[in-house]
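K.L.:
Questions regarding the structure given below will be posed in turn.
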Amino acid sequence: GMLLSRLFLWCALLAAPSLRADDVSLIRVGERWRFWSGTAPGEFWRETDFDDSSWQEGRSGFSSSNDEATAAYSSTNQAILFRKQFVVANPAAVKWLVLRLDFSSGFVAYLNGTEIARANLAGDLVPVDARATRSRARGVAQDINVSGFAPLLNSGTNVLAIQLHGGPSLAGALVLVPELLANFQRGPCAQNTATNQAQVVWRTPVPAYSEVSYWNTDDYVITVSSRRLTTNHALTLSHLEPDTRYFYQVRSQAGGIEAESPVFSFRTLKTSGDLSFAVFGDSGGGFAAQFQLADVMAALEPDLVLHVGDITYPNFHPGYADTRCLSVYGAQMRGTPFYFTPGNHELYSGTDQHYLDAFYLPTNSATGTEHFYSFDHGDAHFVSLCVPSRTPFVAIAPYRLDIGSTQYQWLTNDLARSDKPWNILFLHCPLFS
């Protein structure tokens, strides 16, 4: 996996466009922030019109131990201050607002100068030399519903300001991985795309109804919906034509509030012909190279993307799923299908359920699960194999690839049925070394 990442990385280091937000991801992980630590700059640093041009700049996340995208230090044991400008075209369209943070140990967040959230800090205006009331270890991002502050958003330029404080002791790194999300804190995106169907998935901060409208260039709009209240939404678009671009728009309604996405699009898979695809793996460390690689893949515009495992480090946990995967590639996943296969780090949390819950993938006919699967696109037959390691994992014992195993028998039958000129297998751990 590391070899593939490095092959892409040299392209990223040459020239890559910056990650851009959209009307859902107001501030995405990997975007550039201004940050400062030292003599207090006065209380006006939180305001929209404060001049932060002399501050340092870097991509989020930030860590004083240099294990995120950007190193941010506090040599005086004071808070590190962060500012991010972002543009909102239509504030009235923002019905729900979510602040996602992985942090240690305390923070106060301000939207256009007004406090919207805090953790482990006391007092009205927290001074920069304050210590958090308790230590909090980084590693699990929190989704904080700040929808009540959505009216603070301006039409045009806005500023999210965050002050980050260390814990009661001076030990431990200062870490901040921030996002600000309008209406949907995951997706919308198209997954499990085929020649005749696709699934559109998204997440809302409160239980809500699900609805997707979709159409092709004929402008005949079809709407599918579910009246089940849920925060995790997944609707299947059926009876699609192969190799056709479809436009889609999602809506969720709860408590008299209806949130609507912009219009996105995807292309169904083709039954034959040439295709392009990107392959990468061992990607989810949160370092700058991961975001550079995401830029390159988006610029390449492949027909599909294969991920060969180790999607997030150190393990695949719901607290890492967004900030180290689904948010990083979220803009591209709106229209480009991503197909994943499990690596050993997907199982280090002791279960495969986190991995299965995060993605919508094809299933196989042997076990009915997403552990291994296959699909066709153009002149290629793709097979995802479940080989996270040659060392046994109890969590996936029924899905191991051994001679005579269920996966082995399924694979031999699957390849025997393929009539494609290209049969491409992707997996995490090589079968032989």
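Chain labels A, B, ... are given in the sequence in which chains occur in the structure tokens; within each chain residues are numbered consecutively from 1, and ligands are likewise numbered from 1 in the order shown.
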I need the residues of segment 142-385 of chain A that end up classed as helix (DSSP H, G or I) by DSSP on the backbone, written out as a PDB file with C-alpha atoms, in the first residue's frame.

P.N.:
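Once written, states_11.pdb looks like this:
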ATOM      1  CA  SER A 147     -27.684  24.443  14.841  1.00  0.00           C
ATOM      2  CA  GLY A 148     -28.990  27.055  17.254  1.00  0.00           C
ATOM      3  CA  PHE A 149     -26.178  29.341  16.115  1.00  0.00           C
ATOM      4  CA  ALA A 150     -26.861  29.007  12.363  1.00  0.00           C
ATOM      5  CA  PRO A 151     -28.498  32.497  12.319  1.00  0.00           C
ATOM      6  CA  LEU A 152     -25.022  33.930  13.031  1.00  0.00           C
ATOM      7  CA  ALA A 288      -0.248  16.408   4.660  1.00  0.00           C
ATOM      8  CA  ALA A 289       0.562  13.713   2.070  1.00  0.00           C
ATOM      9  CA  GLN A 290      -2.935  12.267   2.476  1.00  0.00           C
ATOM     10  CA  PHE A 291      -4.543  15.582   1.538  1.00  0.00           C
ATOM     11  CA  GLN A 292      -2.106  16.131  -1.331  1.00  0.00           C
ATOM     12  CA  LEU A 293      -2.999  12.702  -2.666  1.00  0.00           C
ATOM     13  CA  ALA A 294      -6.712  13.513  -2.388  1.00  0.00           C
ATOM     14  CA  ASP A 295      -6.111  16.645  -4.478  1.00  0.00           C
ATOM     15  CA  VAL A 296      -4.308  14.652  -7.169  1.00  0.00           C
ATOM     16  CA  MET A 297      -7.013  11.979  -7.385  1.00  0.00           C
ATOM     17  CA  ALA A 298      -9.730  14.611  -7.678  1.00  0.00           C
ATOM     18  CA  ALA A 299      -7.804  16.337 -10.481  1.00  0.00           C
ATOM     19  CA  LEU A 300      -7.332  13.045 -12.354  1.00  0.00           C
ATOM     20  CA  PRO A 318     -16.129   5.744  14.008  1.00  0.00           C
ATOM     21  CA  GLY A 319     -14.213   8.671  15.512  1.00  0.00           C
ATOM     22  CA  TYR A 320     -11.659   8.450  12.685  1.00  0.00           C
ATOM     23  CA  ALA A 321     -13.953   7.416   9.804  1.00  0.00           C
ATOM     24  CA  ASP A 322     -14.767  10.978   8.746  1.00  0.00           C
ATOM     25  CA  THR A 323     -11.665  13.016   9.522  1.00  0.00           C
ATOM     26  CA  ARG A 324      -9.287  10.442   8.018  1.00  0.00           C
ATOM     27  CA  CYS A 325     -11.410   9.086   5.171  1.00  0.00           C
ATOM     28  CA  LEU A 326     -14.961  10.114   4.354  1.00  0.00           C
ATOM     29  CA  GLY A 330     -15.995  13.438   0.444  1.00  0.00           C
ATOM     30  CA  ALA A 331     -16.174  15.954  -2.406  1.00  0.00           C
ATOM     31  CA  GLN A 332     -14.926  13.364  -4.915  1.00  0.00           C
ATOM     32  CA  MET A 333     -17.178  10.642  -3.483  1.00  0.00           C
ATOM     33  CA  ASN A 344      -5.318  -5.195   9.168  1.00  0.00           C
ATOM     34  CA  HIS A 345      -5.859  -1.757  10.756  1.00  0.00           C
ATOM     35  CA  GLU A 346      -9.580  -2.032   9.994  1.00  0.00           C
ATOM     36  CA  LEU A 347      -9.665  -4.872  12.558  1.00  0.00           C
ATOM     37  CA  GLN A 353     -18.522  -3.812  12.314  1.00  0.00           C
ATOM     38  CA  HIS A 354     -17.136  -0.258  12.216  1.00  0.00           C
ATOM     39  CA  TYR A 355     -15.786  -0.908   8.700  1.00  0.00           C
ATOM     40  CA  LEU A 356     -19.042  -2.513   7.533  1.00  0.00           C
ATOM     41  CA  ASP A 357     -21.136   0.340   8.954  1.00  0.00           C
ATOM     42  CA  ALA A 358     -19.131   3.094   7.246  1.00  0.00           C
TER      43      ALA A 358
END

K.L.:
As JSON, numbers by chain, list the residues of segment 189-387 of chain A assigned to strand (DSSP E or B) by DSSP on the backbone atoms of this structure.

P.N.:
{"A": [189, 190, 191, 198, 199, 200, 201, 202, 203, 204, 205, 206, 207, 208, 209, 210, 211, 212, 213, 214, 215, 222, 223, 224, 225, 226, 227, 228, 229, 230, 231, 232, 233, 234, 235, 236, 237, 245, 246, 247, 248, 249, 250, 251, 252, 253, 254, 257, 258, 259, 260, 264, 265, 266, 267, 277, 278, 279, 280, 304, 305, 306, 307, 338, 339, 340, 373, 374, 375, 376, 377, 380, 381, 382, 383, 384]}

K.L.:
Find the residues around Leu153 of chain A up to 10 Å (only C-alpha atoms counted), leave out those fewer than 6 positions away in its own chain, and share them as a list in words.

P.N.:
Val87, Val88, Ala89, Asn90, Pro91, Ala92, Val94, Leu111, Asn112 and Val159 of chain A

K.L.:
Include N, CA and C atoms and write out the residues we just selected as a PDB file, in the first residue's frame.

P.N.:
ATOM      1  N   VAL A  87     -16.881  30.982   3.116  1.00  0.00           N
ATOM      2  CA  VAL A  87     -17.946  31.731   2.439  1.00  0.00           C
ATOM      3  C   VAL A  87     -19.238  30.911   2.443  1.00  0.00           C
ATOM      4  N   VAL A  88     -20.329  31.549   2.774  1.00  0.00           N
ATOM      5  CA  VAL A  88     -21.658  30.932   2.706  1.00  0.00           C
ATOM      6  C   VAL A  88     -22.479  31.724   1.696  1.00  0.00           C
ATOM      7  N   ALA A  89     -22.958  31.046   0.676  1.00  0.00           N
ATOM      8  CA  ALA A  89     -23.722  31.724  -0.368  1.00  0.00           C
ATOM      9  C   ALA A  89     -25.137  32.057   0.092  1.00  0.00           C
ATOM     10  N   ASN A  90     -25.778  31.104   0.799  1.00  0.00           N
ATOM     11  CA  ASN A  90     -27.168  31.296   1.192  1.00  0.00           C
ATOM     12  C   ASN A  90     -27.365  30.805   2.625  1.00  0.00           C
ATOM     13  N   PRO A  91     -27.147  31.656   3.623  1.00  0.00           N
ATOM     14  CA  PRO A  91     -27.270  31.220   5.022  1.00  0.00           C
ATOM     15  C   PRO A  91     -28.648  30.654   5.362  1.00  0.00           C
ATOM     16  N   ALA A  92     -29.686  31.129   4.707  1.00  0.00           N
ATOM     17  CA  ALA A  92     -31.036  30.641   5.009  1.00  0.00           C
ATOM     18  C   ALA A  92     -31.196  29.159   4.701  1.00  0.00           C
ATOM     19  N   VAL A  94     -29.090  26.876   5.499  1.00  0.00           N
ATOM     20  CA  VAL A  94     -28.441  26.078   6.547  1.00  0.00           C
ATOM     21  C   VAL A  94     -29.443  25.863   7.683  1.00  0.00           C
ATOM     22  N   LEU A 111     -18.137  31.621  16.365  1.00  0.00           N
ATOM     23  CA  LEU A 111     -18.585  31.851  14.997  1.00  0.00           C
ATOM     24  C   LEU A 111     -18.879  33.335  14.845  1.00  0.00           C
ATOM     25  N   ASN A 112     -18.116  34.010  14.001  1.00  0.00           N
ATOM     26  CA  ASN A 112     -18.252  35.448  13.792  1.00  0.00           C
ATOM     27  C   ASN A 112     -18.254  36.222  15.115  1.00  0.00           C
ATOM     28  N   VAL A 159     -16.136  33.717   9.767  1.00  0.00           N
ATOM     29  CA  VAL A 159     -14.920  33.265  10.434  1.00  0.00           C
ATOM     30  C   VAL A 159     -15.277  32.316  11.568  1.00  0.00           C
TER      31      VAL A 159
END

K.L.:
Might you pull out every residue within 9 Å of segment 125-129 of chain A, with only C-alpha atoms counted and same-chain residues fewer than 4 positions away left off, and present them as a ChimeraX atom specification?

P.N.:
/A:37-40,43,76-81,108,121,163-165

K.L.:
Using only C-alpha atoms, which residue out of A:Phe338, A:Phe62, A:Tyr110, A:Trp45 lies closest to Ala173 of chain A?

P.N.:
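Of all the options, A:Phe62 lies closest to Ala173 of chain A.
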